[in-house]
Every structure is written in C-alpha cells, then in structure tokens.
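Q: This is target31.csv, which holds CSV, C-alpha atoms:
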chain,number,residue,atom,x,y,z
A,1,MET,CA,-143.4,39.2,14.8
A,2,ASN,CA,-144.9,35.9,15.6
A,3,ASP,CA,-145.3,35.4,19.4
A,4,ASN,CA,-145.3,31.6,19.1
A,5,LEU,CA,-141.7,31.4,17.8
A,6,SER,CA,-139.5,29.1,19.8
A,7,ASP,CA,-136.5,30.3,21.8
A,8,ILE,CA,-134.1,28.7,19.3
A,9,GLU,CA,-135.8,30.5,16.3
A,10,LEU,CA,-135.7,33.8,18.1
A,11,ILE,CA,-132.0,33.3,18.9
A,12,ARG,CA,-131.3,32.5,15.3
A,13,GLN,CA,-133.0,35.7,14.3
A,14,VAL,CA,-130.8,37.7,16.7
A,15,LEU,CA,-127.6,36.0,15.5
A,16,ARG,CA,-128.3,35.9,11.8
A,17,GLU,CA,-130.5,38.9,11.1
A,18,ASN,CA,-129.3,41.1,14.0
A,19,ASN,CA,-133.0,41.5,14.9
A,20,PRO,CA,-133.4,43.4,18.2
A,21,ARG,CA,-137.2,42.6,18.4
A,22,ALA,CA,-136.3,38.9,18.7
A,23,PHE,CA,-134.1,39.5,21.7
A,24,GLU,CA,-136.8,41.7,23.3
A,25,MET,CA,-139.3,38.8,22.9
A,26,LEU,CA,-136.9,36.5,24.7
A,27,MET,CA,-136.5,39.0,27.5
A,28,GLN,CA,-140.2,39.5,27.9
A,29,ARG,CA,-140.6,35.7,28.2
A,30,TYR,CA,-138.0,35.2,30.9
A,31,SER,CA,-137.2,38.5,32.7
A,32,LEU,CA,-139.7,38.0,35.5
A,33,GLN,CA,-138.3,34.5,36.1
A,34,VAL,CA,-134.7,35.8,36.2
A,35,TYR,CA,-135.7,38.8,38.3
A,36,SER,CA,-137.5,36.5,40.9
A,37,THR,CA,-134.4,34.3,41.1
A,38,ALA,CA,-132.2,37.3,41.5
A,39,LEU,CA,-134.5,38.7,44.2
A,40,ARG,CA,-134.4,35.4,46.1
A,41,LEU,CA,-130.6,35.6,46.0
A,42,MET,CA,-130.0,39.3,46.7
A,43,HIS,CA,-132.9,40.0,49.0
A,44,ASP,CA,-133.1,43.5,47.7
A,45,GLU,CA,-135.1,44.8,44.7
A,46,GLU,CA,-132.6,47.3,43.4
A,47,ASP,CA,-129.8,44.7,43.5
A,48,ALA,CA,-132.0,42.1,41.9
A,49,ALA,CA,-132.8,44.6,39.1
A,50,GLU,CA,-129.1,45.3,38.6
A,51,VAL,CA,-128.3,41.6,38.5
A,52,THR,CA,-131.1,40.8,36.0
A,53,GLN,CA,-129.9,43.6,33.7
A,54,MET,CA,-126.3,42.4,33.8
A,55,ALA,CA,-127.4,38.8,33.2
A,56,PHE,CA,-129.4,39.7,30.1
A,57,ILE,CA,-126.6,41.9,28.7
A,58,GLN,CA,-124.1,39.1,29.3
A,59,ALA,CA,-126.5,36.5,27.8
A,60,TYR,CA,-126.8,38.7,24.7
A,61,LYS,CA,-123.0,39.0,24.4
A,62,GLN,CA,-122.5,35.3,24.8
A,63,LEU,CA,-125.6,34.3,22.7
A,64,ALA,CA,-123.4,32.5,20.1
A,65,SER,CA,-122.2,30.1,22.8
A,66,TRP,CA,-125.7,29.1,23.9
A,67,GLN,CA,-125.9,25.3,23.5
A,68,GLY,CA,-129.6,24.8,23.4
A,69,GLY,CA,-131.9,23.9,26.3
A,70,ASN,CA,-134.1,26.4,28.1
A,71,PHE,CA,-133.0,30.0,27.4
A,72,GLY,CA,-134.6,31.2,30.7
A,73,SER,CA,-132.7,28.6,32.8
A,74,TRP,CA,-129.5,29.6,31.0
A,75,VAL,CA,-130.0,33.3,31.8
A,76,THR,CA,-131.0,32.4,35.4
A,77,VAL,CA,-127.7,30.5,35.8
A,78,ILE,CA,-125.8,33.6,34.5
A,79,ALA,CA,-127.8,35.8,37.0
A,80,ASN,CA,-126.9,33.4,39.9
A,81,HIS,CA,-123.2,33.7,39.0
A,82,ILE,CA,-123.4,37.5,38.8
A,83,GLY,CA,-125.4,37.7,42.0
A,84,LEU,CA,-123.0,35.5,43.9
A,85,ARG,CA,-120.0,37.4,42.6
A,86,LEU,CA,-121.5,40.7,43.7
A,87,LEU,CA,-122.4,39.3,47.1
A,88,GLU,CA,-118.8,38.0,47.4
A,89,LYS,CA,-117.4,41.4,46.5
A,90,GLU,CA,-119.8,43.1,48.9
A,91,LYS,CA,-118.7,40.7,51.6
A,92,ARG,CA,-115.0,41.4,50.9
A,93,ARG,CA,-115.6,45.1,51.0
A,94,GLY,CA,-117.1,44.7,54.5
A,95,GLU,CA,-119.9,47.2,55.3
A,96,VAL,CA,-119.7,49.1,52.0
A,97,ARG,CA,-122.7,48.1,49.8
A,98,PHE,CA,-122.3,48.1,46.1
A,99,ASP,CA,-125.0,50.9,45.8
A,100,ASP,CA,-122.0,53.2,45.8
A,101,VAL,CA,-120.5,51.8,42.6
A,102,ARG,CA,-123.8,50.9,40.9
A,103,CYS,CA,-124.8,52.5,37.7
A,104,THR,CA,-127.6,55.0,38.2
A,105,THR,CA,-131.0,53.2,38.2
A,106,ASP,CA,-134.4,54.6,38.1
A,107,LEU,CA,-136.3,52.2,40.3
A,108,ALA,CA,-137.0,54.4,43.3
A,109,ASP,CA,-140.7,53.4,43.3
A,110,VAL,CA,-139.9,49.7,43.8
A,111,ALA,CA,-136.9,50.1,46.1
A,112,ASP,CA,-136.8,50.3,49.9
A,113,GLU,CA,-138.8,47.2,50.4
A,114,THR,CA,-137.1,44.4,52.3
A,115,TYR,CA,-137.3,41.0,50.8
A,116,ASN,CA,-139.9,38.6,52.3
A,117,GLU,CA,-139.8,35.0,51.4
A,118,GLN,CA,-143.5,34.3,52.0
A,119,LYS,CA,-144.5,37.4,50.1
A,120,GLU,CA,-142.4,36.3,47.2
A,121,GLN,CA,-143.9,32.8,47.2
A,122,GLN,CA,-147.4,34.3,47.2
A,123,LEU,CA,-146.5,36.6,44.3
A,124,GLN,CA,-145.2,33.6,42.3
A,125,ALA,CA,-148.4,31.7,43.1
A,126,LEU,CA,-150.4,34.7,41.9
A,127,GLU,CA,-148.4,34.9,38.7
A,128,GLN,CA,-148.8,31.2,38.1
A,129,ALA,CA,-152.6,31.3,38.9
A,130,ILE,CA,-153.1,34.2,36.5
A,131,THR,CA,-151.4,32.3,33.7
A,132,GLN,CA,-153.8,29.3,34.3
A,133,LEU,CA,-156.8,31.5,33.7
A,134,PRO,CA,-158.6,31.6,30.3
A,135,GLU,CA,-157.1,34.2,27.9
A,136,GLN,CA,-160.0,36.8,28.3
A,137,GLU,CA,-159.9,36.6,32.1
A,138,GLN,CA,-156.1,37.1,32.1
A,139,GLN,CA,-156.7,40.2,29.9
A,140,ILE,CA,-159.3,41.6,32.4
A,141,ILE,CA,-156.8,41.1,35.2
A,142,ARG,CA,-153.9,42.7,33.2
A,143,TRP,CA,-156.1,45.7,32.2
A,144,HIS,CA,-157.5,46.3,35.6
A,145,TYR,CA,-154.7,45.6,38.0
A,146,TYR,CA,-151.5,46.1,35.9
A,147,GLU,CA,-152.6,48.9,33.6
A,148,GLY,CA,-155.2,50.6,35.8
A,149,VAL,CA,-158.0,50.5,33.2
A,150,PRO,CA,-161.4,51.3,34.8
A,151,LEU,CA,-164.1,48.7,34.8
A,152,GLN,CA,-166.3,50.8,32.6
A,153,GLN,CA,-163.6,50.9,30.0
A,154,ILE,CA,-163.0,47.2,30.2
A,155,ALA,CA,-166.7,46.6,29.8
A,156,TYR,CA,-166.7,48.8,26.7
A,157,ARG,CA,-163.7,47.0,25.2
A,158,LEU,CA,-165.3,43.6,25.7
A,159,GLY,CA,-168.8,44.6,24.7
A,160,GLN,CA,-170.3,43.8,28.1
A,161,THR,CA,-172.0,45.7,30.9
A,162,GLU,CA,-170.0,47.1,33.8
A,163,ASN,CA,-172.0,44.9,36.3
A,164,ASN,CA,-171.1,41.9,34.2
A,165,ILE,CA,-167.4,42.7,34.5
A,166,LYS,CA,-167.7,43.3,38.2
A,167,VAL,CA,-169.2,39.9,38.7
A,168,ARG,CA,-166.6,38.2,36.5
A,169,LEU,CA,-163.8,40.0,38.4
A,170,PHE,CA,-165.3,38.9,41.7
A,171,ARG,CA,-165.3,35.3,40.5
A,172,ILE,CA,-161.8,35.5,39.1
A,173,ARG,CA,-160.6,36.9,42.4
A,174,GLU,CA,-162.2,34.1,44.4
A,175,ARG,CA,-160.5,31.5,42.1
A,176,LEU,CA,-157.2,33.3,42.4
A,177,LYS,CA,-157.5,33.4,46.2
A,178,LYS,CA,-158.1,29.7,46.3
A,179,LYS,CA,-155.2,28.9,44.0
A,180,ILE,CA,-152.8,31.0,46.1
A,181,GLU,CA,-154.1,29.4,49.3
A,182,HIS,CA,-153.6,26.0,47.7
A,183,GLY,CA,-150.1,27.1,46.6
A,184,ASN,CA,-149.2,28.2,50.1
A,185,ASN,CA,-150.3,24.9,51.6
A,186,ASN,CA,-148.1,22.9,49.2
B,1,MET,CA,-155.6,26.4,56.1
B,2,GLU,CA,-154.3,29.9,55.6
B,3,THR,CA,-156.9,32.1,53.9
B,4,ILE,CA,-156.2,35.2,51.7
B,5,THR,CA,-158.3,38.2,52.4
B,6,ASP,CA,-159.4,40.7,49.8
B,7,TYR,CA,-157.0,43.2,51.2
B,8,GLU,CA,-154.1,40.8,51.0
B,9,LEU,CA,-155.0,39.9,47.4
B,10,ASP,CA,-155.1,43.6,46.5
B,11,THR,CA,-151.7,44.1,48.1
B,12,LEU,CA,-150.4,41.2,46.1
B,13,PHE,CA,-151.7,42.7,42.9
B,14,GLN,CA,-150.1,46.0,43.8
B,15,GLN,CA,-146.7,44.3,44.5
B,16,SER,CA,-147.0,42.2,41.4
B,17,ALA,CA,-147.7,45.3,39.3
B,18,GLN,CA,-144.7,47.0,40.8
B,19,GLN,CA,-142.5,44.0,39.9
B,20,HIS,CA,-143.8,44.0,36.4
B,21,LYS,CA,-143.0,47.7,36.2
B,22,ALA,CA,-139.5,47.1,37.5
B,23,VAL,CA,-139.0,44.2,35.0
B,24,GLU,CA,-140.2,46.5,32.2
B,25,GLN,CA,-137.6,49.1,33.2
B,26,ILE,CA,-134.9,46.4,33.2
B,27,ASN,CA,-136.1,45.2,29.7
B,28,ARG,CA,-135.9,48.8,28.4
B,29,ARG,CA,-132.4,49.4,29.7
B,30,VAL,CA,-131.1,46.1,28.4
B,31,MET,CA,-132.8,46.7,25.0
B,32,ARG,CA,-131.0,50.2,24.8
B,33,THR,CA,-127.7,48.4,25.2
B,34,VAL,CA,-128.6,45.6,22.7
B,35,ARG,CA,-129.9,48.1,20.1
B,36,ARG,CA,-126.7,50.2,20.4
B,37,ASP,CA,-124.6,47.1,20.0
B,38,MET,CA,-126.5,45.9,17.0
B,39,TRP,CA,-126.3,49.3,15.4
B,40,LEU,CA,-122.5,49.3,16.0
B,41,LYS,CA,-122.3,45.8,14.5
B,42,THR,CA,-124.1,47.0,11.4
B,43,LEU,CA,-121.9,50.0,11.2
B,44,ARG,CA,-118.8,47.9,11.4
B,45,LYS,CA,-120.1,45.6,8.7
B,46,TRP,CA,-120.7,48.5,6.3
B,47,ALA,CA,-117.4,50.1,7.2
B,48,LYS,CA,-115.7,46.7,6.3
B,49,LEU,CA,-117.6,46.6,3.0
B,50,LEU,CA,-116.7,50.1,2.1
B,51,GLY,CA,-113.1,49.5,3.1
B,52,LEU,CA,-113.0,46.4,0.8
B,53,CYS,CA,-114.8,48.2,-2.1
B,54,PHE,CA,-112.9,51.5,-2.0
B,55,GLY,CA,-110.0,51.2,0.4
B,56,LEU,CA,-108.5,48.1,-1.2
B,57,PRO,CA,-108.5,49.4,-4.8
B,58,VAL,CA,-107.0,52.7,-3.6
B,59,ALA,CA,-104.3,50.9,-1.7
B,60,VAL,CA,-103.5,48.8,-4.8
B,61,VAL,CA,-103.4,51.8,-7.1
B,62,VAL,CA,-101.1,53.7,-4.6
B,63,TYR,CA,-98.9,50.7,-4.4
B,64,ILE,CA,-98.6,50.3,-8.1
B,65,TYR,CA,-98.0,54.0,-8.6
B,66,ALA,CA,-95.2,53.9,-6.0
B,67,LEU,CA,-93.8,50.8,-7.7
B,68,PHE,CA,-93.5,52.7,-11.0
B,69,VAL,CA,-92.2,55.9,-9.4
B,70,PHE,CA,-89.6,54.6,-6.9
B,71,MET,CA,-88.6,51.2,-8.4
B,72,PRO,CA,-85.9,52.5,-10.7
B,73,GLU,CA,-84.3,54.5,-7.8
B,74,ILE,CA,-84.0,51.7,-5.2
B,75,PRO,CA,-81.4,48.8,-5.1
B,76,GLU,CA,-82.3,45.4,-6.5
B,77,GLN,CA,-82.5,43.5,-3.2
B,78,LEU,CA,-84.9,46.1,-1.8
B,79,GLN,CA,-87.0,45.8,-4.9
B,80,ILE,CA,-87.6,42.1,-4.1
B,81,VAL,CA,-88.6,43.1,-0.5
B,82,TYR,CA,-90.8,45.8,-1.9
B,83,ILE,CA,-92.7,43.3,-4.0
B,84,ALA,CA,-92.6,40.4,-1.5
B,85,ILE,CA,-94.1,42.3,1.5
B,86,PRO,CA,-97.5,43.1,-0.1
B,87,ILE,CA,-97.7,39.7,-1.6
B,88,ALA,CA,-97.1,38.1,1.8
B,89,THR,CA,-99.6,40.4,3.4
B,90,ILE,CA,-102.3,39.6,0.9
B,91,LEU,CA,-101.7,35.9,1.1
B,92,GLY,CA,-101.7,36.1,5.0
B,93,LEU,CA,-105.0,37.9,5.0
B,94,ALA,CA,-106.5,35.4,2.5
B,95,VAL,CA,-105.4,32.5,4.7
B,96,GLN,CA,-106.7,34.2,7.8
B,97,ARG,CA,-110.1,34.8,6.1
B,98,LEU,CA,-110.3,31.2,5.0
B,99,ARG,CA,-109.5,29.9,8.4
B,100,TYR,CA,-112.3,31.8,10.0
B,101,PHE,CA,-114.7,31.5,7.1
B,102,SER,CA,-118.2,30.6,8.1
B,103,PRO,CA,-121.0,30.2,5.5
B,104,GLU,CA,-123.6,31.2,8.2
B,105,VAL,CA,-122.3,34.7,8.9
For the structure just supplied, provide its representation as structure tokens.
A:
Amino acid sequence: MNDNLSDIELIRQVLRENNPRAFEMLMQRYSLQVYSTALRLMHDEEDAAEVTQMAFIQAYKQLASWQGGNFGSWVTVIANHIGLRLLEKEKRRGEVRFDDVRCTTDLADVADETYNEQKEQQLQALEQAITQLPEQEQQIIRWHYYEGVPLQQIAYRLGQTENNIKVRLFRIRERLKKKIEHGNNN
Amino acid sequence: METITDYELDTLFQQSAQQHKAVEQINRRVMRTVRRDMWLKTLRKWAKLLGLCFGLPVAVVVYIYALFVFMPEIPEQLQIVYIAIPIATILGLAVQRLRYFSPEV
C-alpha cells in the first residue's frame, strides 16, 4: 500500500473497503504522538499504553463520525477524554489504582519508570531531530539504535566500510546532540 | 547552555527505543481488535446476503404452502389477517431499507 496516502484516503479505505492495513498505517503515523500525550497526562507508562490502546479502538469504532481535520489530533482528543475519565475514576476510588481492573498487558519491560517531564521533552526533541535528518541517516539511526543492527551489517547493507559508518554515526550524533540542546533551551 | 553527554544521548536512544517497542505492542493489540471486528463485519454481510438469497425464498415458499394448506380451514376474517400481516411486514421492511439507504455502503 502507498505510504503517501493522505489520512482521508486511508479512512475512506477503512470505511468502504474494510481494509485493516489502512487503519494500521494511520496508527503507525500517530500512535507515538497519542502515546506521548497520554504519558504526559497519566504520568505512568502502563496507564499511557492503556489509554492509547483504548483511544485508537474508540477512534476505529467512531471512524464514520470523523469530520475531517488532523486524524492524530482527533485521536489525541479522544485519548485525553479517556485519560481524564480514568483519572477521575481513580480519584473517586481513593487509593485503589486501576491496575486492578486493567486488562492484562505485556509491557513489563517499559513499566516501573516514573514519568519525568524533562526526559519526555528530550525524547520528543530527539524524535523530532531524527525526522529532520536525511532519509539515509534516519535509516542508520533506526537500524543501529532501534533494531540493534551491528555497524558491520549496516556498512554491508549500504555498501560502505565500517569505519565510514562509524564516522557518519559520530557526526549524526553530534548533530542530534546540538538539536536536542537547542530544543531544551527553547 | 545545557549540554548533552554521549551517555545521556545513549540513554535517550534506549528510552526512545523502549517507547517505540511499547507503541508497537499497542499497535499490535489494537490491530487484533480491529481485524476481529472487520472479520465479523464481513461475516455479518455474507450472512445477510445468504439470508436474503436463501432465507427469503424459503420463507415465501413456506408461507405460500401454509396458505394453501390451512386457508380453507380458517374463518374468513382470519384469512384477511393471515394475508395482511406478511404484506405489512414486507412493506415495513422495504420502507425501513429505503430510509437508511446509502449508495456508499
């Protein structure tokens, strides 16, 4: 499927053709944005994951009522509503957290970390800085840091020497550092 | 100016990768629900079609058969009711269909 399809075209495909791949593409576009918002609201990674999941499922069920505009913003609004409702419920219940009633999740590896506003800002600055890099440099970063591909393998894939990749990676890192520092100071 | 060390950048990459992993898990779980729902929708569509193609003719045949078998044995007023009810049902269904008719679906 074409990655350049607009949100509205993807939504049409979901509604008219019942195409799950179209909804998956929409999710891939916006799930990190929605998750970050949920994290800012819930201050807990598991709760944020739960809210994000519920928001996308609700968005899917109400897709026919979407009235245009930015799909990501729409889902973010839904996530905010869900998050606030859960926080309200939690508050009413007193000390009982909604972990007890939550569906089983498999996010143990990302849980147990308390929310940190500055860390979250730096992470967003990093994400943004990565998207501003040229396509090939983004690919190097994705392979090396997100997929754990060794430098030797990256060099092979790009038809370059390992030393060349090391130098490029060093330069990319310096640029990213500067951009994050710049982001922090704004 | 606050500077970022190599260690801090590595930590950020690690945390970012963890977030990406978490988001991928969320995406997978949502997609499971979405796929199941789409599958059920397709199933319902086919069930409706089969019902229309086979269920409706069967119902009509059974009704006409019953008409021939039982009609001579029942009183005249009931005969009118017996004929009027299915006609009203069919008309009602047709009106309902037309009200919710959408060329897009």
Q: Write out as CSV a residue-level contact list of range 3-95 of chain B versus range 55-61 of chain A with cut-off 8 Å: for each qualifying residue the closest pair of atoms and the distance in Å to one decimal, counting only C-alpha atoms, rows sorted by chain and residue number upward.
A:
residue,atom,partner,partner_atom,distance
B:Val30,CA,A:Ile57,CA,6.2
B:Thr33,CA,A:Ile57,CA,7.5
B:Val34,CA,A:Ile57,CA,7.3
Q: Give me, please, the distance in Å between CA of Glu45 in chain A and CA of Val23 in chain B, quoted to one decimal.
A: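 These two atoms are separated by 10.5 Å.
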Q: Given all atoms listed in the file as the basis, pick out the residue of A:Val77, A:Gln53, A:Lys177, A:Ala64 nearest to Gln25 in chain B.
A: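 Comparing A:Val77, A:Gln53, A:Lys177, A:Ala64 against Gln25 in chain B, the winner is A:Gln53.
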Q: Just give me the gap between CA of Arg85 in chain A and CA of Leu123 in chain A in Å, one decimal is fine.
A: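 Rounded to one decimal, the two atoms are 26.6 Å apart.
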Q: Return the neighbours of chain B among the residues of chain A, cut-off 7 Å, counting all atoms listed in the file, as a CSV table (one decimal) with C-alpha atoms, keeping the file's coordinate frame.
A:
chain,number,residue,atom,x,y,z
A,16,ARG,CA,-128.3,35.9,11.8
A,18,ASN,CA,-129.3,41.1,14.0
A,20,PRO,CA,-133.4,43.4,18.2
A,24,GLU,CA,-136.8,41.7,23.3
A,27,MET,CA,-136.5,39.0,27.5
A,31,SER,CA,-137.2,38.5,32.7
A,32,LEU,CA,-139.7,38.0,35.5
A,49,ALA,CA,-132.8,44.6,39.1
A,53,GLN,CA,-129.9,43.6,33.7
A,56,PHE,CA,-129.4,39.7,30.1
A,57,ILE,CA,-126.6,41.9,28.7
A,107,LEU,CA,-136.3,52.2,40.3
A,110,VAL,CA,-139.9,49.7,43.8
A,123,LEU,CA,-146.5,36.6,44.3
A,145,TYR,CA,-154.7,45.6,38.0
A,146,TYR,CA,-151.5,46.1,35.9
A,177,LYS,CA,-157.5,33.4,46.2
A,181,GLU,CA,-154.1,29.4,49.3
Q: Find the residues near Ala155 in chain A: any atom within 9 Å, counting all atoms listed in the file, skip ones fewer than 6 places away on the same chain, and give them as a list of chain:residue names.
A: A:Thr161, A:Glu162, A:Asn163, A:Asn164, A:Ile165
Q: List the neighbours of range 132-144 of chain A out to 8 Å using all atoms listed in the file; skip same-chain residues closer than 5 positions along the sequence, and give me the result as JSON, numbers by chain.
A: {"A": [149, 150, 151, 154, 169, 172]}
Q: Could you tell me which of A:Val75, A:Ala129, A:Ile180, A:Leu87 comes closest to His43 in chain A if we count all atoms listed in the file?
A: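 Closest residue, counting all atoms listed in the file: A:Leu87.
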Q: Excluding Arg21 in chain A and any residue of its chain fewer than 4 positions from it, enumerate the residues within 9 Å of it, using all atoms listed in the file, and give them as a PyMOL selection string.
A: (chain A and resi 1+10+14+25-26) or (chain B and resi 31)
Q: Taking only C-alpha atoms into account, name the residue in A:Gly94, A:Leu39, A:Asp44, A:Gly68 that is nearest to Asn80 in chain A.
A: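 Closest to Asn80 in chain A, using only C-alpha atoms: A:Leu39.
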Q: Please measure the separation of CA of Lys48 in chain B and CA of Ala22 in chain A, giving the value in Å to one decimal.
A: 25.3 Å
Q: Out of A:Leu176, A:Leu63, A:Met42, A:Val167, which residue has the shortest atom-to-atom distance to Ala79 in chain A when counting all atoms listed in the file?
A: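 With all atoms listed in the file as the atom set, the closest residue is A:Met42.
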Q: Env of Asp7 in chain A: 8 Å cut, atoms = all atoms listed in the file, seq-sep filter 2 positions within chain, self excluded. Answer as an MDAnalysis selection string.
A: chainID A and resid 5 9:11 26 70:71
Q: So which residues touch Tyr63 in chain B within 10 Å, counting only C-alpha atoms, skipping near sequence neighbours fewer than 6 positions away, as JSON, numbers by chain?
A: {"B": [57, 69, 82, 83, 86]}
Q: Could you add whatever atoms are missing so that range 46-78 of chain B carries N, CA and C atoms, then write the result as a PDB file, keeping the file's coordinate frame?
A:
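Wrote it out as rebuild.pdb, contents follow:
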ATOM      1  N   TRP B  46    -120.711  47.590   7.449  1.00  0.00           N
ATOM      2  CA  TRP B  46    -120.700  48.500   6.300  1.00  0.00           C
ATOM      3  C   TRP B  46    -119.324  49.131   6.109  1.00  0.00           C
ATOM      4  N   ALA B  47    -118.694  49.456   7.243  1.00  0.00           N
ATOM      5  CA  ALA B  47    -117.400  50.100   7.200  1.00  0.00           C
ATOM      6  C   ALA B  47    -116.382  49.073   6.506  1.00  0.00           C
ATOM      7  N   LYS B  48    -116.523  47.780   6.879  1.00  0.00           N
ATOM      8  CA  LYS B  48    -115.700  46.700   6.300  1.00  0.00           C
ATOM      9  C   LYS B  48    -115.917  46.649   4.790  1.00  0.00           C
ATOM     10  N   LEU B  49    -117.192  46.669   4.425  1.00  0.00           N
ATOM     11  CA  LEU B  49    -117.600  46.600   3.000  1.00  0.00           C
ATOM     12  C   LEU B  49    -117.027  47.732   2.210  1.00  0.00           C
ATOM     13  N   LEU B  50    -117.211  48.933   2.785  1.00  0.00           N
ATOM     14  CA  LEU B  50    -116.700  50.100   2.100  1.00  0.00           C
ATOM     15  C   LEU B  50    -115.193  50.083   1.978  1.00  0.00           C
ATOM     16  N   GLY B  51    -114.558  49.624   3.056  1.00  0.00           N
ATOM     17  CA  GLY B  51    -113.100  49.500   3.100  1.00  0.00           C
ATOM     18  C   GLY B  51    -112.629  48.545   1.975  1.00  0.00           C
ATOM     19  N   LEU B  52    -113.381  47.456   1.825  1.00  0.00           N
ATOM     20  CA  LEU B  52    -113.000  46.400   0.800  1.00  0.00           C
ATOM     21  C   LEU B  52    -113.272  46.986  -0.590  1.00  0.00           C
ATOM     22  N   CYS B  53    -114.403  47.701  -0.757  1.00  0.00           N
ATOM     23  CA  CYS B  53    -114.800  48.200  -2.100  1.00  0.00           C
ATOM     24  C   CYS B  53    -113.889  49.347  -2.551  1.00  0.00           C
ATOM     25  N   PHE B  54    -113.619  50.261  -1.629  1.00  0.00           N
ATOM     26  CA  PHE B  54    -112.900  51.500  -2.000  1.00  0.00           C
ATOM     27  C   PHE B  54    -111.446  51.494  -1.487  1.00  0.00           C
ATOM     28  N   GLY B  55    -111.293  51.085  -0.227  1.00  0.00           N
ATOM     29  CA  GLY B  55    -110.000  51.200   0.400  1.00  0.00           C
ATOM     30  C   GLY B  55    -108.967  50.255  -0.272  1.00  0.00           C
ATOM     31  N   LEU B  56    -109.388  49.032  -0.579  1.00  0.00           N
ATOM     32  CA  LEU B  56    -108.500  48.100  -1.200  1.00  0.00           C
ATOM     33  C   LEU B  56    -108.004  48.523  -2.583  1.00  0.00           C
ATOM     34  N   PRO B  57    -108.945  48.922  -3.473  1.00  0.00           N
ATOM     35  CA  PRO B  57    -108.500  49.400  -4.800  1.00  0.00           C
ATOM     36  C   PRO B  57    -107.569  50.625  -4.667  1.00  0.00           C
ATOM     37  N   VAL B  58    -107.884  51.527  -3.719  1.00  0.00           N
ATOM     38  CA  VAL B  58    -107.000  52.700  -3.600  1.00  0.00           C
ATOM     39  C   VAL B  58    -105.627  52.278  -3.137  1.00  0.00           C
ATOM     40  N   ALA B  59    -105.576  51.332  -2.178  1.00  0.00           N
ATOM     41  CA  ALA B  59    -104.300  50.900  -1.700  1.00  0.00           C
ATOM     42  C   ALA B  59    -103.475  50.211  -2.838  1.00  0.00           C
ATOM     43  N   VAL B  60    -104.156  49.445  -3.670  1.00  0.00           N
ATOM     44  CA  VAL B  60    -103.500  48.800  -4.800  1.00  0.00           C
ATOM     45  C   VAL B  60    -102.962  49.808  -5.800  1.00  0.00           C
ATOM     46  N   VAL B  61    -103.799  50.809  -6.095  1.00  0.00           N
ATOM     47  CA  VAL B  61    -103.400  51.800  -7.100  1.00  0.00           C
ATOM     48  C   VAL B  61    -102.192  52.614  -6.527  1.00  0.00           C
ATOM     49  N   VAL B  62    -102.259  52.985  -5.236  1.00  0.00           N
ATOM     50  CA  VAL B  62    -101.100  53.700  -4.600  1.00  0.00           C
ATOM     51  C   VAL B  62     -99.870  52.889  -4.680  1.00  0.00           C
ATOM     52  N   TYR B  63    -100.026  51.602  -4.388  1.00  0.00           N
ATOM     53  CA  TYR B  63     -98.900  50.700  -4.400  1.00  0.00           C
ATOM     54  C   TYR B  63     -98.257  50.601  -5.788  1.00  0.00           C
ATOM     55  N   ILE B  64     -99.096  50.415  -6.767  1.00  0.00           N
ATOM     56  CA  ILE B  64     -98.600  50.300  -8.100  1.00  0.00           C
ATOM     57  C   ILE B  64     -97.946  51.583  -8.617  1.00  0.00           C
ATOM     58  N   TYR B  65     -98.555  52.690  -8.256  1.00  0.00           N
ATOM     59  CA  TYR B  65     -98.000  54.000  -8.600  1.00  0.00           C
ATOM     60  C   TYR B  65     -96.611  54.143  -7.995  1.00  0.00           C
ATOM     61  N   ALA B  66     -96.529  53.778  -6.676  1.00  0.00           N
ATOM     62  CA  ALA B  66     -95.200  53.900  -6.000  1.00  0.00           C
ATOM     63  C   ALA B  66     -94.210  52.970  -6.624  1.00  0.00           C
ATOM     64  N   LEU B  67     -94.678  51.809  -7.072  1.00  0.00           N
ATOM     65  CA  LEU B  67     -93.800  50.800  -7.700  1.00  0.00           C
ATOM     66  C   LEU B  67     -93.142  51.451  -8.963  1.00  0.00           C
ATOM     67  N   PHE B  68     -93.961  52.105  -9.762  1.00  0.00           N
ATOM     68  CA  PHE B  68     -93.500  52.700 -11.000  1.00  0.00           C
ATOM     69  C   PHE B  68     -92.548  53.910 -10.714  1.00  0.00           C
ATOM     70  N   VAL B  69     -92.907  54.698  -9.720  1.00  0.00           N
ATOM     71  CA  VAL B  69     -92.200  55.900  -9.400  1.00  0.00           C
ATOM     72  C   VAL B  69     -90.816  55.629  -8.779  1.00  0.00           C
ATOM     73  N   PHE B  70     -90.858  54.754  -7.737  1.00  0.00           N
ATOM     74  CA  PHE B  70     -89.600  54.600  -6.900  1.00  0.00           C
ATOM     75  C   PHE B  70     -88.769  53.382  -7.339  1.00  0.00           C
ATOM     76  N   MET B  71     -89.325  52.444  -8.077  1.00  0.00           N
ATOM     77  CA  MET B  71     -88.600  51.200  -8.400  1.00  0.00           C
ATOM     78  C   MET B  71     -87.231  51.467  -9.034  1.00  0.00           C
ATOM     79  N   PRO B  72     -87.162  52.329 -10.058  1.00  0.00           N
ATOM     80  CA  PRO B  72     -85.900  52.500 -10.700  1.00  0.00           C
ATOM     81  C   PRO B  72     -84.802  53.115  -9.771  1.00  0.00           C
ATOM     82  N   GLU B  73     -85.247  53.776  -8.685  1.00  0.00           N
ATOM     83  CA  GLU B  73     -84.300  54.500  -7.800  1.00  0.00           C
ATOM     84  C   GLU B  73     -83.754  53.604  -6.684  1.00  0.00           C
ATOM     85  N   ILE B  74     -84.409  52.448  -6.389  1.00  0.00           N
ATOM     86  CA  ILE B  74     -84.000  51.700  -5.200  1.00  0.00           C
ATOM     87  C   ILE B  74     -83.124  50.452  -5.650  1.00  0.00           C
ATOM     88  N   PRO B  75     -82.201  49.960  -4.748  1.00  0.00           N
ATOM     89  CA  PRO B  75     -81.400  48.800  -5.100  1.00  0.00           C
ATOM     90  C   PRO B  75     -82.170  47.554  -5.373  1.00  0.00           C
ATOM     91  N   GLU B  76     -81.539  46.601  -6.065  1.00  0.00           N
ATOM     92  CA  GLU B  76     -82.300  45.400  -6.500  1.00  0.00           C
ATOM     93  C   GLU B  76     -82.814  44.554  -5.402  1.00  0.00           C
ATOM     94  N   GLN B  77     -82.022  44.368  -4.288  1.00  0.00           N
ATOM     95  CA  GLN B  77     -82.500  43.500  -3.200  1.00  0.00           C
ATOM     96  C   GLN B  77     -83.739  44.130  -2.524  1.00  0.00           C
ATOM     97  N   LEU B  78     -83.713  45.441  -2.406  1.00  0.00           N
ATOM     98  CA  LEU B  78     -84.900  46.100  -1.800  1.00  0.00           C
ATOM     99  C   LEU B  78     -86.106  46.009  -2.687  1.00  0.00           C
TER     100      LEU B  78
END
